[in-house]
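Asker: Sending over a structure as structure tokens; questions will come in a sec.
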Amino acid sequence: ALARSGLAGLQDGIEDRMREVAATLPLLPLRPRDQAGTAAIPEARPADVFPMWLPPKDGPDAQQYPFIIVRPRTGQDDAQAKDQAATATVDLIVGTYSDEGDGFKDTLLLLDAIRLSLHAQPVLYRTAFEHVGPLTWELRQDNNRPHWLLVATTVWALPRPRRVEARDRDRSMEA
């Protein structure tokens with residue numbers, strides 16, 4: 001059976017896919033400091049996946065990096081016609097943390113894993129949603145080192161809602 005076919009189903013499906021992608025590429029999180037101010041050596045871990053925004057920090061050393069935020073942005077249903085199409089644009093915000101000058105490469109590695117996943121398997125598992133592209137991205141140029149942010153924009157084809165007449169016809173044929 002197919003999962004939900006609405007926009008909430010698209011959100012859930014993309015979040016699930018991003019968790020799969022993140023699991024293939026553990027990255028170093030923010031380095032917590034002990035009471036003396038010394039940075040501990042963290043273990044690499046997969047990026048956390050969040051809908052819309054990062055959750056509030058629980059404390060000064062709360063771990064939020066690395067992360068992928070799945071944020072729906074816009075959508076469009078074509079005019080009523082024979083060949084109707086519907087699309088949704090969803091941003092994927094990738095955040096990594098590194099004190100190194102080339103720390104931005106972690107965001108690029110995670111983006112490459114996302115690109116590979118969407119190219120190899122554009123349809124989300126057990127849904128009618130398909131990544132149709134284009135996939136565009138921008139590495140934020142703000143000088144926020146050691147926080148590195150990248151925004152990837154994805155475009156998805158989605159099923160159109162069915163007209164009442166078609167649903168009624170299908171129900172009468174089933175009876």
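By order of appearance in the structure tokens: chains A, B, ..., then residues from 1 within every chain, and ligands from 1 in the order shown.
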Can you tell me which residues surround Gly101 (chain A) at a distance of at most 9 Å, considering only C-alpha atoms, apart from same-chain residues fewer than 2 positions away, and format the answer as an NGL selection string?

Answerer: :A and (98-99 or 103-104 or 145-146)

Asker: Using only N, CA, C and O atoms, please write the residues we just selected to a file, as a PDB file, in the first residue's frame.

Answerer:
ATOM      1  N   SER A  98      32.951  22.668  11.859  1.00  0.00           N
ATOM      2  CA  SER A  98      34.372  22.339  11.814  1.00  0.00           C
ATOM      3  C   SER A  98      35.187  23.604  12.032  1.00  0.00           C
ATOM      4  O   SER A  98      34.903  24.642  11.436  1.00  0.00           O
ATOM      5  N   ASP A  99      36.207  23.485  12.880  1.00  0.00           N
ATOM      6  CA  ASP A  99      37.130  24.596  13.099  1.00  0.00           C
ATOM      7  C   ASP A  99      38.127  24.737  11.955  1.00  0.00           C
ATOM      8  O   ASP A  99      38.818  25.732  11.857  1.00  0.00           O
ATOM      9  N   GLY A 103      36.449  23.031   6.432  1.00  0.00           N
ATOM     10  CA  GLY A 103      35.289  22.382   7.046  1.00  0.00           C
ATOM     11  C   GLY A 103      34.053  22.396   6.170  1.00  0.00           C
ATOM     12  O   GLY A 103      33.160  21.566   6.316  1.00  0.00           O
ATOM     13  N   PHE A 104      34.001  23.354   5.231  1.00  0.00           N
ATOM     14  CA  PHE A 104      32.864  23.412   4.315  1.00  0.00           C
ATOM     15  C   PHE A 104      32.745  22.142   3.481  1.00  0.00           C
ATOM     16  O   PHE A 104      31.675  21.821   2.975  1.00  0.00           O
ATOM     17  N   ARG A 145      32.151  30.647  10.100  1.00  0.00           N
ATOM     18  CA  ARG A 145      33.034  29.570  10.533  1.00  0.00           C
ATOM     19  C   ARG A 145      33.068  29.543  12.049  1.00  0.00           C
ATOM     20  O   ARG A 145      33.169  30.608  12.658  1.00  0.00           O
ATOM     21  N   PRO A 146      32.887  28.464  12.682  1.00  0.00           N
ATOM     22  CA  PRO A 146      33.008  27.070  12.267  1.00  0.00           C
ATOM     23  C   PRO A 146      31.681  26.407  11.873  1.00  0.00           C
ATOM     24  O   PRO A 146      31.620  25.208  11.711  1.00  0.00           O
TER      25      PRO A 146
END

Asker: Write out as a tab-separated table a residue-level contact list of region 57-165 of chain A versus region 10-20 of chain A with cut-off 8 Å: for each qualifying residue the closest pair of atoms and the distance in Å to one decimal, counting only C-alpha atoms, rows sorted by chain and residue number upward.

Answerer:
residue	atom	partner	partner_atom	distance
A:Ile68	CA	A:Met18	CA	7.4
A:Val70	CA	A:Glu15	CA	6.4
A:Pro72	CA	A:Gln11	CA	7.4
A:Ile114	CA	A:Met18	CA	7.3
A:Leu124	CA	A:Gly13	CA	6.2
A:Tyr125	CA	A:Gly13	CA	7.4
A:Thr127	CA	A:Gly13	CA	7.7
A:Phe129	CA	A:Leu10	CA	6.7

Asker: Atoms to include: N, CA, C and O atoms. Write the selected residues as an mmCIF file, in the first residue's frame.

Answerer:
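Final file, out-v6.cif:
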data_model
loop_
_atom_site.group_PDB
_atom_site.id
_atom_site.type_symbol
_atom_site.label_atom_id
_atom_site.label_comp_id
_atom_site.auth_asym_id
_atom_site.auth_seq_id
_atom_site.Cartn_x
_atom_site.Cartn_y
_atom_site.Cartn_z
ATOM 1 N N ILE A 68 20.350 18.007 8.889
ATOM 2 C CA ILE A 68 19.656 18.286 7.631
ATOM 3 C C ILE A 68 18.252 18.729 8.026
ATOM 4 O O ILE A 68 17.551 18.019 8.751
ATOM 5 N N VAL A 70 14.535 19.634 6.578
ATOM 6 C CA VAL A 70 13.658 19.472 5.415
ATOM 7 C C VAL A 70 12.572 20.537 5.530
ATOM 8 O O VAL A 70 11.759 20.501 6.450
ATOM 9 N N PRO A 72 9.639 22.540 3.362
ATOM 10 C CA PRO A 72 8.850 22.822 2.172
ATOM 11 C C PRO A 72 8.762 24.330 1.944
ATOM 12 O O PRO A 72 8.645 25.094 2.902
ATOM 13 N N ILE A 114 23.378 13.180 -0.940
ATOM 14 C CA ILE A 114 21.976 13.484 -1.257
ATOM 15 C C ILE A 114 21.764 13.416 -2.769
ATOM 16 O O ILE A 114 20.808 12.803 -3.250
ATOM 17 N N LEU A 124 10.386 8.352 -4.001
ATOM 18 C CA LEU A 124 10.451 8.027 -2.584
ATOM 19 C C LEU A 124 9.771 6.690 -2.340
ATOM 20 O O LEU A 124 8.696 6.417 -2.882
ATOM 21 N N TYR A 125 10.376 5.861 -1.521
ATOM 22 C CA TYR A 125 9.911 4.512 -1.250
ATOM 23 C C TYR A 125 8.442 4.502 -0.830
ATOM 24 O O TYR A 125 8.036 5.241 0.060
ATOM 25 N N THR A 127 5.750 5.598 -2.205
ATOM 26 C CA THR A 127 4.943 6.801 -2.419
ATOM 27 C C THR A 127 4.811 7.039 -3.918
ATOM 28 O O THR A 127 5.424 6.352 -4.733
ATOM 29 N N PHE A 129 5.645 10.104 -4.996
ATOM 30 C CA PHE A 129 6.442 11.318 -5.112
ATOM 31 C C PHE A 129 7.750 11.024 -5.833
ATOM 32 O O PHE A 129 8.448 10.074 -5.486
#

Asker: Would you mind reading off the distance between CA of Ile69 (chain A) and CA of Ala44 (chain A), one decimal, in Å?

Answerer: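 Computing the Euclidean distance for CA of Ile69 (chain A) and CA of Ala44 (chain A) yields 18.9 Å.
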
Asker: Could you go through region 9-144 of chain A and tell me which residues DSSP, when run on the backbone, assigns to strand (DSSP E), listing them as a ChimeraX atom specification?

Answerer: /A:48-51,67-77,86-97,130-131,136-139

Asker: Do you have the CA of Leu116 (chain A)-CA of Pro159 (chain A) distance handy?

Answerer: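 Computed distance, CA of Leu116 (chain A) to CA of Pro159 (chain A), equals 24.0 Å.
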
Asker: Kindly give the distance, in Å, that separates CA of Val151 (chain A) and CA of Gly75 (chain A), rounded to a single decimal.

Answerer: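 Going from CA of Val151 (chain A) over to CA of Gly75 (chain A) covers 17.6 Å.
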
Asker: Which of these, A:Leu7, A:Leu109, A:Val123, A:Leu139, has the shortest distance to Pro26 (chain A) once you count only C-alpha atoms?

Answerer: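 The closest residue to Pro26 (chain A) is A:Leu109.
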
Asker: Name the residues of region 54-111 of chain A that come out as alpha helix (DSSP H) in a backbone DSSP run; write them as number ranges by chain.

Answerer: A: 104-111

Asker: May I ask which of the residues A:Ala47, A:Ala79, A:Met52, A:Val155 is the closest one to Tyr65 (chain A), counting only C-alpha atoms?

Answerer: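 Checking each of A:Ala47, A:Ala79, A:Met52, A:Val155 against Tyr65 (chain A), counting only C-alpha atoms, the winner is A:Ala47.
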
Asker: I'd like to know which of A:Ala128, A:Ala23, A:Leu110, A:Ala120 is closest to Trp148 (chain A), using only C-alpha atoms.

Answerer: A:Leu110

Asker: Got a sec: who's within 6 Å of Glu130 (chain A), counting only C-alpha atoms, leaving out chain neighbours fewer than 4 positions off, as a count of residues only?

Answerer: 4
